[in-house]
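Asker: Structure: upload-v1.txt, compact mmCIF, N, CA and C atoms.
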# COMPACT_ATOMS: atom_id res chain seq x y z
N MET I 1139 28.46 -9.75 -12.44
CA MET I 1139 27.51 -10.29 -11.47
C MET I 1139 26.15 -10.40 -12.12
N LYS I 1140 25.48 -11.49 -11.80
CA LYS I 1140 24.17 -11.74 -12.39
C LYS I 1140 23.09 -11.32 -11.40
N ASN I 1141 22.08 -10.64 -11.94
CA ASN I 1141 20.96 -10.19 -11.13
C ASN I 1141 19.90 -11.30 -11.14
N TYR I 1142 19.54 -11.79 -9.96
CA TYR I 1142 18.55 -12.84 -9.84
C TYR I 1142 17.16 -12.32 -9.46
N ASN I 1143 17.10 -11.11 -8.96
CA ASN I 1143 15.83 -10.57 -8.49
C ASN I 1143 15.70 -9.13 -8.97
N ARG I 1144 15.06 -8.95 -10.11
CA ARG I 1144 14.93 -7.62 -10.72
C ARG I 1144 14.09 -6.69 -9.85
N ARG I 1145 13.02 -7.22 -9.26
CA ARG I 1145 12.15 -6.39 -8.41
C ARG I 1145 12.90 -5.90 -7.18
N GLY I 1146 13.69 -6.77 -6.57
CA GLY I 1146 14.49 -6.36 -5.42
C GLY I 1146 15.53 -5.32 -5.78
N LEU I 1147 16.13 -5.46 -6.96
CA LEU I 1147 17.10 -4.47 -7.41
C LEU I 1147 16.44 -3.12 -7.62
N MET I 1148 15.28 -3.11 -8.27
CA MET I 1148 14.58 -1.85 -8.51
C MET I 1148 14.13 -1.20 -7.21
N SER I 1149 13.59 -1.98 -6.28
CA SER I 1149 13.16 -1.39 -5.01
C SER I 1149 14.36 -0.86 -4.23
N GLY I 1150 15.49 -1.54 -4.31
CA GLY I 1150 16.69 -1.06 -3.65
C GLY I 1150 17.19 0.25 -4.25
N ILE I 1151 17.14 0.35 -5.58
CA ILE I 1151 17.56 1.59 -6.24
C ILE I 1151 16.64 2.74 -5.86
N VAL I 1152 15.33 2.48 -5.82
CA VAL I 1152 14.37 3.52 -5.43
C VAL I 1152 14.63 3.95 -3.99
N GLN I 1153 14.91 3.00 -3.10
CA GLN I 1153 15.18 3.35 -1.72
C GLN I 1153 16.47 4.16 -1.60
N LEU I 1154 17.48 3.81 -2.38
CA LEU I 1154 18.71 4.60 -2.35
C LEU I 1154 18.48 6.01 -2.88
N LEU I 1155 17.64 6.14 -3.92
CA LEU I 1155 17.31 7.46 -4.43
C LEU I 1155 16.54 8.28 -3.39
N LEU I 1156 15.65 7.63 -2.65
CA LEU I 1156 14.93 8.32 -1.58
C LEU I 1156 15.88 8.80 -0.48
N SER I 1157 16.88 7.99 -0.16
CA SER I 1157 17.84 8.42 0.86
C SER I 1157 18.68 9.60 0.36
N VAL I 1158 19.01 9.61 -0.94
CA VAL I 1158 19.72 10.75 -1.51
C VAL I 1158 18.82 11.99 -1.45
N PHE I 1159 17.53 11.81 -1.73
CA PHE I 1159 16.59 12.92 -1.64
C PHE I 1159 16.52 13.47 -0.21
N CYS I 1160 16.57 12.58 0.78
CA CYS I 1160 16.60 13.02 2.19
C CYS I 1160 17.86 13.84 2.46
N LEU I 1161 18.99 13.40 1.92
CA LEU I 1161 20.24 14.13 2.11
C LEU I 1161 20.17 15.50 1.46
N ILE I 1162 19.62 15.57 0.25
CA ILE I 1162 19.48 16.86 -0.44
C ILE I 1162 18.54 17.78 0.34
N THR I 1163 17.45 17.21 0.84
CA THR I 1163 16.50 18.01 1.63
C THR I 1163 17.16 18.56 2.88
N MET I 1164 17.99 17.74 3.54
CA MET I 1164 18.69 18.22 4.73
C MET I 1164 19.69 19.31 4.37
N THR I 1165 20.31 19.19 3.23
CA THR I 1165 21.26 20.21 2.80
C THR I 1165 20.57 21.55 2.56
N VAL I 1166 19.39 21.49 1.96
CA VAL I 1166 18.67 22.72 1.63
C VAL I 1166 18.01 23.34 2.87
N THR I 1167 17.34 22.52 3.67
CA THR I 1167 16.54 23.06 4.78
C THR I 1167 17.28 23.12 6.11
N GLY I 1168 18.42 22.49 6.19
CA GLY I 1168 19.14 22.45 7.46
C GLY I 1168 19.06 21.06 8.07
N PHE I 1169 19.95 20.80 9.00
CA PHE I 1169 20.03 19.46 9.61
C PHE I 1169 18.81 19.18 10.46
N ASP I 1170 18.25 17.98 10.27
CA ASP I 1170 17.12 17.52 11.08
C ASP I 1170 17.41 16.08 11.49
N VAL I 1171 17.35 15.80 12.77
CA VAL I 1171 17.70 14.47 13.28
C VAL I 1171 16.77 13.41 12.71
N LYS I 1172 15.48 13.69 12.70
CA LYS I 1172 14.51 12.70 12.19
C LYS I 1172 14.76 12.37 10.73
N LEU I 1173 15.03 13.40 9.94
CA LEU I 1173 15.29 13.19 8.51
C LEU I 1173 16.60 12.45 8.30
N ALA I 1174 17.60 12.73 9.13
CA ALA I 1174 18.88 12.02 9.03
C ALA I 1174 18.72 10.54 9.35
N VAL I 1175 17.98 10.25 10.42
CA VAL I 1175 17.75 8.84 10.80
C VAL I 1175 16.95 8.14 9.72
N LEU I 1176 15.93 8.81 9.20
CA LEU I 1176 15.13 8.23 8.13
C LEU I 1176 15.98 7.95 6.90
N GLY I 1177 16.83 8.89 6.53
CA GLY I 1177 17.71 8.70 5.37
C GLY I 1177 18.65 7.54 5.56
N ILE I 1178 19.21 7.40 6.76
CA ILE I 1178 20.13 6.29 7.03
C ILE I 1178 19.40 4.96 6.97
N ILE I 1179 18.23 4.88 7.57
CA ILE I 1179 17.46 3.63 7.55
C ILE I 1179 17.08 3.25 6.13
N ILE I 1180 16.60 4.21 5.34
CA ILE I 1180 16.22 3.93 3.96
C ILE I 1180 17.44 3.51 3.15
N ALA I 1181 18.59 4.15 3.37
CA ALA I 1181 19.80 3.78 2.65
C ALA I 1181 20.24 2.36 2.99
N LEU I 1182 20.16 1.99 4.28
CA LEU I 1182 20.53 0.63 4.67
C LEU I 1182 19.60 -0.41 4.06
N LEU I 1183 18.29 -0.11 4.08
CA LEU I 1183 17.34 -1.03 3.46
C LEU I 1183 17.59 -1.15 1.96
N GLY I 1184 17.90 -0.04 1.32
CA GLY I 1184 18.18 -0.06 -0.11
C GLY I 1184 19.41 -0.88 -0.44
N MET I 1185 20.47 -0.68 0.34
CA MET I 1185 21.69 -1.46 0.10
C MET I 1185 21.45 -2.94 0.33
N THR I 1186 20.68 -3.28 1.34
CA THR I 1186 20.35 -4.68 1.60
C THR I 1186 19.58 -5.28 0.44
N SER I 1187 18.61 -4.54 -0.11
CA SER I 1187 17.84 -5.04 -1.24
C SER I 1187 18.70 -5.23 -2.47
N VAL I 1188 19.58 -4.28 -2.73
CA VAL I 1188 20.45 -4.38 -3.90
C VAL I 1188 21.40 -5.57 -3.77
N ILE I 1189 22.00 -5.72 -2.59
CA ILE I 1189 22.95 -6.81 -2.38
C ILE I 1189 22.25 -8.16 -2.47
N SER I 1190 21.06 -8.27 -1.85
CA SER I 1190 20.36 -9.56 -1.88
C SER I 1190 19.80 -9.88 -3.26
N SER I 1191 19.62 -8.89 -4.12
CA SER I 1191 19.11 -9.17 -5.47
C SER I 1191 20.16 -9.88 -6.32
N PHE I 1192 21.42 -9.79 -5.93
CA PHE I 1192 22.48 -10.48 -6.66
C PHE I 1192 22.80 -11.85 -6.08
N SER I 1193 22.14 -12.21 -4.99
CA SER I 1193 22.38 -13.51 -4.36
C SER I 1193 21.32 -14.51 -4.81
N LYS I 1194 21.78 -15.62 -5.35
CA LYS I 1194 20.86 -16.65 -5.83
C LYS I 1194 20.10 -17.29 -4.67
N GLU I 1195 20.78 -17.52 -3.57
CA GLU I 1195 20.15 -18.17 -2.41
C GLU I 1195 19.11 -17.26 -1.77
N ALA I 1196 19.42 -15.96 -1.62
CA ALA I 1196 18.46 -15.03 -1.02
C ALA I 1196 17.23 -14.86 -1.90
N THR I 1197 17.44 -14.85 -3.21
CA THR I 1197 16.31 -14.73 -4.14
C THR I 1197 15.42 -15.97 -4.07
N ARG I 1198 16.05 -17.15 -3.98
CA ARG I 1198 15.27 -18.39 -3.88
C ARG I 1198 14.48 -18.44 -2.58
N LYS I 1199 15.10 -18.02 -1.48
CA LYS I 1199 14.41 -18.01 -0.19
C LYS I 1199 13.24 -17.02 -0.20
N GLU I 1200 13.44 -15.84 -0.79
CA GLU I 1200 12.37 -14.85 -0.86
C GLU I 1200 11.22 -15.34 -1.72
N LEU I 1201 11.53 -16.03 -2.82
CA LEU I 1201 10.49 -16.58 -3.68
C LEU I 1201 9.68 -17.65 -2.95
N ILE I 1202 10.35 -18.50 -2.19
CA ILE I 1202 9.65 -19.53 -1.43
C ILE I 1202 8.77 -18.89 -0.37
N ASP I 1203 9.29 -17.85 0.31
CA ASP I 1203 8.49 -17.17 1.33
C ASP I 1203 7.27 -16.48 0.73
N ASN I 1204 7.41 -15.91 -0.46
CA ASN I 1204 6.29 -15.22 -1.11
C ASN I 1204 5.24 -16.20 -1.62
N GLU I 1205 5.64 -17.38 -2.01
CA GLU I 1205 4.71 -18.36 -2.58
C GLU I 1205 4.13 -19.31 -1.54
N ASP I 1206 4.48 -19.15 -0.28
CA ASP I 1206 3.99 -20.00 0.78
C ASP I 1206 2.48 -19.81 0.95
N GLU I 1207 1.74 -20.92 1.13
CA GLU I 1207 0.28 -20.84 1.23
C GLU I 1207 -0.17 -20.04 2.43
N ARG I 1208 0.54 -20.17 3.53
CA ARG I 1208 0.14 -19.46 4.73
C ARG I 1208 0.29 -17.95 4.54
N SER I 1209 1.39 -17.52 3.96
CA SER I 1209 1.58 -16.08 3.76
C SER I 1209 0.58 -15.54 2.74
N ARG I 1210 0.23 -16.35 1.74
CA ARG I 1210 -0.79 -15.92 0.79
C ARG I 1210 -2.15 -15.77 1.47
N LEU I 1211 -2.49 -16.73 2.36
CA LEU I 1211 -3.75 -16.66 3.08
C LEU I 1211 -3.79 -15.44 4.00
N VAL I 1212 -2.68 -15.18 4.69
CA VAL I 1212 -2.61 -14.01 5.56
C VAL I 1212 -2.78 -12.74 4.73
N ASN I 1213 -2.15 -12.68 3.55
CA ASN I 1213 -2.25 -11.52 2.68
C ASN I 1213 -3.69 -11.31 2.21
N ILE I 1214 -4.36 -12.39 1.84
CA ILE I 1214 -5.75 -12.30 1.39
C ILE I 1214 -6.66 -11.83 2.52
N LYS I 1215 -6.46 -12.40 3.72
CA LYS I 1215 -7.29 -12.00 4.86
C LYS I 1215 -7.04 -10.55 5.25
N ALA I 1216 -5.79 -10.11 5.18
CA ALA I 1216 -5.46 -8.72 5.52
C ALA I 1216 -6.11 -7.76 4.53
N LYS I 1217 -6.07 -8.09 3.25
CA LYS I 1217 -6.70 -7.23 2.25
C LYS I 1217 -8.21 -7.19 2.44
N SER I 1218 -8.80 -8.32 2.75
CA SER I 1218 -10.23 -8.37 2.97
C SER I 1218 -10.64 -7.53 4.18
N LYS I 1219 -9.89 -7.67 5.27
CA LYS I 1219 -10.20 -6.90 6.48
C LYS I 1219 -9.97 -5.40 6.25
N THR I 1220 -8.94 -5.05 5.49
CA THR I 1220 -8.69 -3.65 5.16
C THR I 1220 -9.83 -3.08 4.36
N PHE I 1221 -10.33 -3.84 3.39
CA PHE I 1221 -11.47 -3.38 2.60
C PHE I 1221 -12.69 -3.17 3.48
N ASP I 1222 -12.94 -4.11 4.40
CA ASP I 1222 -14.08 -3.97 5.30
C ASP I 1222 -13.95 -2.72 6.17
N ILE I 1223 -12.76 -2.47 6.69
CA ILE I 1223 -12.55 -1.30 7.55
C ILE I 1223 -12.73 -0.01 6.76
N VAL I 1224 -12.16 0.06 5.56
CA VAL I 1224 -12.25 1.28 4.75
C VAL I 1224 -13.69 1.54 4.32
N SER I 1225 -14.39 0.49 3.88
CA SER I 1225 -15.77 0.71 3.45
C SER I 1225 -16.67 1.09 4.63
N THR I 1226 -16.44 0.51 5.80
CA THR I 1226 -17.22 0.90 6.98
C THR I 1226 -16.93 2.34 7.37
N PHE I 1227 -15.64 2.72 7.34
CA PHE I 1227 -15.28 4.10 7.65
C PHE I 1227 -15.92 5.07 6.66
N LEU I 1228 -15.87 4.77 5.38
CA LEU I 1228 -16.47 5.65 4.38
C LEU I 1228 -17.98 5.74 4.55
N PHE I 1229 -18.63 4.63 4.87
CA PHE I 1229 -20.06 4.63 5.08
C PHE I 1229 -20.43 5.51 6.28
N LEU I 1230 -19.71 5.32 7.39
CA LEU I 1230 -19.99 6.12 8.59
C LEU I 1230 -19.67 7.59 8.36
N ALA I 1231 -18.60 7.87 7.62
CA ALA I 1231 -18.25 9.27 7.32
C ALA I 1231 -19.32 9.91 6.45
N THR I 1232 -19.85 9.17 5.48
CA THR I 1232 -20.91 9.71 4.62
C THR I 1232 -22.15 10.01 5.44
N ILE I 1233 -22.54 9.10 6.33
CA ILE I 1233 -23.71 9.31 7.18
C ILE I 1233 -23.48 10.51 8.11
N ALA I 1234 -22.29 10.60 8.70
CA ALA I 1234 -21.99 11.70 9.62
C ALA I 1234 -22.03 13.05 8.90
N VAL I 1235 -21.50 13.10 7.69
CA VAL I 1235 -21.50 14.35 6.94
C VAL I 1235 -22.92 14.71 6.50
N MET I 1236 -23.74 13.70 6.18
CA MET I 1236 -25.15 13.97 5.85
C MET I 1236 -25.88 14.56 7.05
N ILE I 1237 -25.64 14.00 8.22
CA ILE I 1237 -26.27 14.53 9.43
C ILE I 1237 -25.79 15.94 9.70
N ALA I 1238 -24.48 16.18 9.52
CA ALA I 1238 -23.94 17.52 9.73
C ALA I 1238 -24.56 18.52 8.77
N TYR I 1239 -24.79 18.12 7.52
CA TYR I 1239 -25.44 19.01 6.57
C TYR I 1239 -26.88 19.27 6.98
N GLY I 1240 -27.57 18.22 7.43
CA GLY I 1240 -28.96 18.39 7.86
C GLY I 1240 -29.10 19.33 9.03
N VAL I 1241 -28.12 19.33 9.92
CA VAL I 1241 -28.18 20.18 11.10
C VAL I 1241 -27.78 21.62 10.77
N THR I 1242 -26.70 21.79 9.98
CA THR I 1242 -26.16 23.13 9.77
C THR I 1242 -26.58 23.78 8.45
N GLN I 1243 -26.99 23.01 7.47
CA GLN I 1243 -27.32 23.49 6.13
C GLN I 1243 -26.14 24.22 5.48
N ASN I 1244 -24.92 23.86 5.87
CA ASN I 1244 -23.71 24.44 5.31
C ASN I 1244 -23.37 23.72 4.00
N GLN I 1245 -23.12 24.46 2.94
CA GLN I 1245 -22.90 23.89 1.61
C GLN I 1245 -21.58 23.14 1.49
N VAL I 1246 -20.66 23.36 2.41
CA VAL I 1246 -19.39 22.64 2.39
C VAL I 1246 -19.62 21.15 2.58
N PHE I 1247 -20.60 20.80 3.37
CA PHE I 1247 -20.88 19.39 3.64
C PHE I 1247 -21.41 18.66 2.41
N VAL I 1248 -21.98 19.37 1.47
CA VAL I 1248 -22.48 18.73 0.24
C VAL I 1248 -21.30 18.15 -0.54
N SER I 1249 -20.24 18.93 -0.68
CA SER I 1249 -19.08 18.42 -1.41
C SER I 1249 -18.42 17.27 -0.65
N MET I 1250 -18.45 17.34 0.67
CA MET I 1250 -17.89 16.25 1.46
C MET I 1250 -18.70 14.97 1.29
N VAL I 1251 -20.03 15.11 1.21
CA VAL I 1251 -20.89 13.94 0.98
C VAL I 1251 -20.60 13.35 -0.39
N LEU I 1252 -20.43 14.22 -1.38
CA LEU I 1252 -20.14 13.73 -2.72
C LEU I 1252 -18.81 12.97 -2.77
N CYS I 1253 -17.80 13.49 -2.10
CA CYS I 1253 -16.49 12.83 -2.10
C CYS I 1253 -16.52 11.48 -1.38
N THR I 1254 -17.04 11.47 -0.17
CA THR I 1254 -17.08 10.20 0.57
C THR I 1254 -18.04 9.21 -0.08
N GLY I 1255 -19.15 9.72 -0.60
CA GLY I 1255 -20.09 8.84 -1.29
C GLY I 1255 -19.52 8.27 -2.58
N ALA I 1256 -18.75 9.07 -3.32
CA ALA I 1256 -18.13 8.57 -4.55
C ALA I 1256 -17.09 7.51 -4.23
N ALA I 1257 -16.28 7.75 -3.20
CA ALA I 1257 -15.28 6.75 -2.82
C ALA I 1257 -15.95 5.46 -2.34
N LEU I 1258 -17.03 5.59 -1.58
CA LEU I 1258 -17.76 4.42 -1.12
C LEU I 1258 -18.38 3.67 -2.29
N SER I 1259 -18.91 4.39 -3.26
CA SER I 1259 -19.49 3.76 -4.44
C SER I 1259 -18.44 3.01 -5.24
N VAL I 1260 -17.26 3.60 -5.38
CA VAL I 1260 -16.18 2.92 -6.10
C VAL I 1260 -15.79 1.63 -5.38
N CYS I 1261 -15.72 1.69 -4.05
CA CYS I 1261 -15.40 0.48 -3.28
C CYS I 1261 -16.45 -0.60 -3.48
N TRP I 1262 -17.70 -0.25 -3.35
CA TRP I 1262 -18.76 -1.25 -3.46
C TRP I 1262 -18.90 -1.79 -4.88
N ILE I 1263 -18.84 -0.92 -5.87
CA ILE I 1263 -18.95 -1.38 -7.26
C ILE I 1263 -17.76 -2.25 -7.63
N GLY I 1264 -16.57 -1.85 -7.18
CA GLY I 1264 -15.39 -2.69 -7.42
C GLY I 1264 -15.51 -4.04 -6.75
N HIS I 1265 -16.06 -4.06 -5.56
CA HIS I 1265 -16.26 -5.33 -4.86
C HIS I 1265 -17.25 -6.22 -5.60
N ILE I 1266 -18.32 -5.64 -6.08
CA ILE I 1266 -19.33 -6.41 -6.82
C ILE I 1266 -18.72 -6.97 -8.11
N ILE I 1267 -17.99 -6.15 -8.84
CA ILE I 1267 -17.40 -6.59 -10.10
C ILE I 1267 -16.38 -7.71 -9.86
N THR I 1268 -15.50 -7.53 -8.87
CA THR I 1268 -14.52 -8.58 -8.61
C THR I 1268 -15.17 -9.83 -8.07
N HIS I 1269 -16.24 -9.69 -7.31
CA HIS I 1269 -16.96 -10.87 -6.82
C HIS I 1269 -17.51 -11.68 -7.99
N PHE I 1270 -18.17 -11.02 -8.92
CA PHE I 1270 -18.71 -11.74 -10.07
C PHE I 1270 -17.60 -12.31 -10.94
N TYR I 1271 -16.49 -11.60 -11.06
CA TYR I 1271 -15.37 -12.09 -11.88
C TYR I 1271 -14.81 -13.38 -11.29
N TYR I 1272 -14.52 -13.38 -10.00
CA TYR I 1272 -13.95 -14.58 -9.39
C TYR I 1272 -14.96 -15.69 -9.23
N GLU I 1273 -16.23 -15.34 -9.11
CA GLU I 1273 -17.28 -16.36 -9.05
C GLU I 1273 -17.38 -17.10 -10.38
N SER I 1274 -17.21 -16.37 -11.48
CA SER I 1274 -17.28 -17.01 -12.80
C SER I 1274 -16.04 -17.85 -13.09
N LYS I 1275 -14.92 -17.55 -12.45
CA LYS I 1275 -13.68 -18.30 -12.67
C LYS I 1275 -13.67 -19.62 -11.92
N MET I 1276 -14.47 -19.73 -10.88
CA MET I 1276 -14.43 -20.97 -10.07
C MET I 1276 -15.47 -21.94 -10.47
Re-express the file's structure as structure tokens.

Answerer:
Amino acid sequence: MKNYNRRGLMSGIVQLLLSVFCLITMTVTGFDVKLAVLGIIIALLGMTSVISSFSKEATRKELIDNEDERSRLVNIKAKSKTFDIVSTFLFLATIAVMIAYGVTQNQVFVSMVLCTGAALSVCWIGHIITHFYYESKM
């Protein structure tokens, strides 16, 4: 059998390994309904991915769906909105932790400000760098 979709095969194998890990975890820790259902769902998804990776028609359909302009636009807009939400959350968290430090003078808040501020700085600097990169490409 010829493999037409290497990425689908790999994701299916990883999903099957995760379902085996769920089974091993249930064996060690005892039966859990949630873990059993999760393992079954992951195993089914893994088998579907592995089987469809050997189908030429399914691979062609998935490639067309991935390269569709509308789905690419939706993906770009979703990533942009996610970045906006995360950067707004980090900004508000940094401000809130600064206010909490100002009120309580507790040294724990200093490390929290450094963490949220560093993450916010990475987001903003990354945004600036990618903005200039794509601006120069167009």

Asker: Could you pull the residues within 6 Å of segment 1223-1231 of chain I, counting all atoms listed in the file, minus those fewer than 4 positions along the same chain, as a list in words?

Answerer: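 The filter keeps Lys1219, Val1235, Met1236, Thr1254 and Leu1258 of chain I.
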
Asker: Determine the nearest neighbour of Ile1179 of chain I from the options I:Gln1153, I:Thr1220, I:Thr1167, I:Asn1204, counting all atoms listed in the file.

Answerer: I:Gln1153

Asker: Distance atom CA of Lys1199 of chain I-atom CA of Ser1218 of chain I, one decimal place?

Answerer: 26.6 Å

Asker: For Leu1182 of chain I, which residue out of I:Ala1257, I:Leu1154, I:Met1164, I:Ile1266 is the nearest one, using only C-alpha atoms?

Answerer: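 Closest to Leu1182 of chain I of all the choices is I:Leu1154.
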
Asker: Counting only C-alpha atoms, which of I:Met1276, I:Leu1147, I:Val1241, I:Met1139 gets nearest to Thr1197 of chain I?

Answerer: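 The shortest atom-to-atom distance to Thr1197 of chain I comes from I:Leu1147.
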
Asker: How many Å separate atom C of Gly1146 of chain I from atom N of Ile1180 of chain I?

Answerer: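 Answer for the atom C of Gly1146 of chain I to atom N of Ile1180 of chain I separation: 14.7 Å.
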
Asker: If I take atom CA of Arg1144 of chain I and atom CA of Ser1191 of chain I, how far is one from the other in Å, to one decimal?

Answerer: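 About the pair atom CA of Arg1144 of chain I and atom CA of Ser1191 of chain I: they are 6.9 Å apart.
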
Asker: Might you pull out every residue within 7 Å of Phe1192 of chain I, with only C-alpha atoms counted and same-chain residues fewer than 5 positions away left off, and present them as a ChimeraX atom specification?

Answerer: /I:1139-1143

Asker: Put those residues in a file: N, CA and C atoms, as a compact mmCIF listing (two decimals), keeping the file's coordinate frame.

Answerer:
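Once everything was written out, this is again-v4.txt:
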# COMPACT_ATOMS: atom_id res chain seq x y z
N MET I 1139 28.46 -9.75 -12.44
CA MET I 1139 27.51 -10.29 -11.47
C MET I 1139 26.15 -10.40 -12.12
N LYS I 1140 25.48 -11.49 -11.80
CA LYS I 1140 24.17 -11.74 -12.39
C LYS I 1140 23.09 -11.32 -11.40
N ASN I 1141 22.08 -10.64 -11.94
CA ASN I 1141 20.96 -10.19 -11.13
C ASN I 1141 19.90 -11.30 -11.14
N TYR I 1142 19.54 -11.79 -9.96
CA TYR I 1142 18.55 -12.84 -9.84
C TYR I 1142 17.16 -12.32 -9.46
N ASN I 1143 17.10 -11.11 -8.96
CA ASN I 1143 15.83 -10.57 -8.49
C ASN I 1143 15.70 -9.13 -8.97

Asker: Could you complete segment 1160-1168 of chain I so that it carries all heavy atoms, and give it back as a tab-separated table (two decimals), in the frame of the given file?

Answerer:
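Output saved as out_20.tsv:
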chain	number	residue	atom	x	y	z
I	1160	CYS	N	16.57	12.58	0.78
I	1160	CYS	CA	16.60	13.02	2.19
I	1160	CYS	C	17.86	13.84	2.46
I	1160	CYS	O	17.80	14.87	3.14
I	1160	CYS	CB	16.55	11.82	3.12
I	1160	CYS	SG	14.95	11.06	3.32
I	1161	LEU	N	18.99	13.40	1.92
I	1161	LEU	CA	20.24	14.13	2.11
I	1161	LEU	C	20.17	15.50	1.46
I	1161	LEU	O	20.59	16.50	2.06
I	1161	LEU	CB	21.40	13.32	1.53
I	1161	LEU	CG	22.78	13.95	1.62
I	1161	LEU	CD1	23.21	14.04	3.07
I	1161	LEU	CD2	23.78	13.16	0.81
I	1162	ILE	N	19.62	15.57	0.25
I	1162	ILE	CA	19.48	16.86	-0.44
I	1162	ILE	C	18.54	17.78	0.34
I	1162	ILE	O	18.80	18.97	0.50
I	1162	ILE	CB	19.00	16.65	-1.89
I	1162	ILE	CG1	20.09	15.96	-2.71
I	1162	ILE	CG2	18.59	17.97	-2.53
I	1162	ILE	CD1	19.64	15.50	-4.07
I	1163	THR	N	17.45	17.21	0.84
I	1163	THR	CA	16.50	18.01	1.63
I	1163	THR	C	17.16	18.56	2.88
I	1163	THR	O	16.95	19.72	3.25
I	1163	THR	CB	15.28	17.16	2.00
I	1163	THR	OG1	14.69	16.65	0.81
I	1163	THR	CG2	14.25	17.97	2.76
I	1164	MET	N	17.99	17.74	3.54
I	1164	MET	CA	18.69	18.22	4.73
I	1164	MET	C	19.69	19.31	4.37
I	1164	MET	O	19.89	20.25	5.15
I	1164	MET	CB	19.41	17.07	5.43
I	1164	MET	CG	18.53	16.25	6.31
I	1164	MET	SD	19.43	15.16	7.42
I	1164	MET	CE	20.80	14.59	6.49
I	1165	THR	N	20.31	19.19	3.23
I	1165	THR	CA	21.26	20.21	2.80
I	1165	THR	C	20.57	21.55	2.56
I	1165	THR	O	21.09	22.60	2.93
I	1165	THR	CB	21.98	19.77	1.51
I	1165	THR	OG1	22.58	18.49	1.73
I	1165	THR	CG2	23.04	20.75	1.10
I	1166	VAL	N	19.39	21.49	1.96
I	1166	VAL	CA	18.67	22.72	1.63
I	1166	VAL	C	18.01	23.34	2.87
I	1166	VAL	O	18.11	24.55	3.10
I	1166	VAL	CB	17.62	22.44	0.53
I	1166	VAL	CG1	16.73	23.64	0.32
I	1166	VAL	CG2	18.30	22.04	-0.76
I	1167	THR	N	17.34	22.52	3.67
I	1167	THR	CA	16.54	23.06	4.78
I	1167	THR	C	17.28	23.12	6.11
I	1167	THR	O	16.78	23.72	7.05
I	1167	THR	CB	15.27	22.22	4.99
I	1167	THR	OG1	15.65	20.88	5.33
I	1167	THR	CG2	14.40	22.23	3.76
I	1168	GLY	N	18.42	22.49	6.19
I	1168	GLY	CA	19.14	22.45	7.46
I	1168	GLY	C	19.06	21.06	8.07
I	1168	GLY	O	18.20	20.25	7.73
